[in-house]
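Below you'll find the structure, written out as structure tokens, and then a few comments.
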Amino acid sequence: MVDLKITSSFDKPEISFQSNGSLSIQGKSNMENDNFWDPVRSWFANYLENPAPKTTISLHFESLNITASKAVLQMLYQLNELTEKGHTATVEWAFNHGDQDMLEIGKDFEHLVKVPFLFLELAH
């Protein structure tokens, strides 16, 4: 399986999904175009067919709109299914020091899924 790499821009996050189970999304996600997430969803669906023994998804958003929230939540629900099949999955939710809004969004996501979350507050 080929890894997925999407370079960030002003309103799009950087995506780095590796077939070894290391998945990362970071940056701003403010675009309204849902098509951005199509290759991400497609890659993730293919990955779930033959996942690594351990999957870690690292999320670090500077900003996050509803379109991105829906895409991320969909992936988290799919991670639930992965863990129900006996695979290990973890979510690392990073947020900038003092960014209570991003922390709260992460906590909201944590309550919606069964996958364990690790919260990382990053220094300035």
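Going by the structure tokens order, chains are called A, B, ..., each with residues numbered from 1, while ligands are numbered from 1 in the order shown.
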
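Around Ser19 of chain A, within 8 Å and counting only C-alpha atoms, the residues found are Met1, Val2, Asp3, Tyr47, Pro51 and Ala52 of chain A, once anything fewer than 5 positions away on its own chain is removed.
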
- Task: Determine, counting only C-alpha atoms, which protein, DNA and RNA residues have an atom within 6 Å of an atom of segment 89-98 of chain A; residues of the same chain fewer than 4 positions away are not included. Present the result as number ranges by chain.
- Result: A: 54-60, 116-123

Create the file for the chosen residues now, containing N, CA, C and O atoms and written as a compact mmCIF listing (two decimals), in the first residue's frame.
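And here's selection-v7.txt as it stands now:
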# COMPACT_ATOMS: atom_id res chain seq x y z
N LYS A 54 -0.83 -2.12 15.01
CA LYS A 54 -1.17 -0.98 15.86
C LYS A 54 -1.35 0.25 14.98
O LYS A 54 -0.50 0.54 14.13
N THR A 55 -2.44 0.96 15.20
CA THR A 55 -2.72 2.18 14.46
C THR A 55 -2.73 3.35 15.43
O THR A 55 -3.42 3.32 16.45
N THR A 56 -1.93 4.37 15.12
CA THR A 56 -1.92 5.60 15.91
C THR A 56 -2.26 6.75 14.98
O THR A 56 -1.56 6.96 13.98
N ILE A 57 -3.32 7.46 15.30
CA ILE A 57 -3.67 8.64 14.52
C ILE A 57 -3.38 9.86 15.37
O ILE A 57 -3.92 10.03 16.45
N SER A 58 -2.45 10.68 14.88
CA SER A 58 -2.04 11.90 15.57
C SER A 58 -2.76 13.08 14.92
O SER A 58 -2.62 13.30 13.71
N LEU A 59 -3.50 13.81 15.72
CA LEU A 59 -4.28 14.96 15.23
C LEU A 59 -3.83 16.21 15.96
O LEU A 59 -3.80 16.25 17.18
N HIS A 60 -3.46 17.21 15.18
CA HIS A 60 -3.07 18.50 15.75
C HIS A 60 -3.61 19.59 14.84
O HIS A 60 -3.03 19.90 13.81
N PRO A 116 -8.98 4.79 22.73
CA PRO A 116 -8.33 5.61 23.76
C PRO A 116 -7.64 6.85 23.18
O PRO A 116 -7.03 6.78 22.11
N PHE A 117 -7.77 7.95 23.90
CA PHE A 117 -7.16 9.22 23.51
C PHE A 117 -6.00 9.54 24.46
O PHE A 117 -6.08 9.29 25.65
N LEU A 118 -4.97 10.13 23.90
CA LEU A 118 -3.87 10.70 24.67
C LEU A 118 -3.84 12.18 24.31
O LEU A 118 -3.73 12.53 23.14
N PHE A 119 -3.97 13.05 25.31
CA PHE A 119 -3.98 14.49 25.06
C PHE A 119 -2.59 15.07 25.32
O PHE A 119 -2.00 14.82 26.38
N LEU A 120 -2.09 15.81 24.34
CA LEU A 120 -0.75 16.39 24.41
C LEU A 120 -0.84 17.90 24.27
O LEU A 120 -1.21 18.41 23.20
N GLU A 121 -0.51 18.60 25.35
CA GLU A 121 -0.50 20.08 25.27
C GLU A 121 0.91 20.49 24.86
O GLU A 121 1.88 20.18 25.53
N LEU A 122 1.00 21.18 23.73
CA LEU A 122 2.29 21.57 23.18
C LEU A 122 2.69 22.96 23.67
O LEU A 122 1.85 23.85 23.79
N ALA A 123 3.96 23.12 23.94
CA ALA A 123 4.48 24.44 24.36
C ALA A 123 4.41 25.41 23.19
O ALA A 123 4.30 25.02 22.03

- Item | Members of chain A assigned helix (DSSP H, G or I) by DSSP, as a ChimeraX atom specification | /A:34-49,66-84,100-112

Find the spatial neighbours of Asp11 of chain A, counting only C-alpha atoms, within a cut-off of 7 Å - ignore same-chain residues fewer than 5 positions away - and output them as a PDB file with C-alpha atoms, in the first residue's frame.
ATOM      1  CA  LYS A  28      -5.548  24.413   9.705  1.00  0.00           C
ATOM      2  CA  SER A  29      -8.622  22.845   8.201  1.00  0.00           C
ATOM      3  CA  ASN A  30     -10.941  25.636   7.176  1.00  0.00           C
ATOM      4  CA  MET A  31     -11.819  24.855   3.561  1.00  0.00           C
TER       5      MET A  31
END

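Distance annotation: of A:Ala68, A:Leu73, A:Ile6, A:Leu103, the residue with the minimal separation from Asn33 of chain A is A:Ala68; atom set is only C-alpha atoms.
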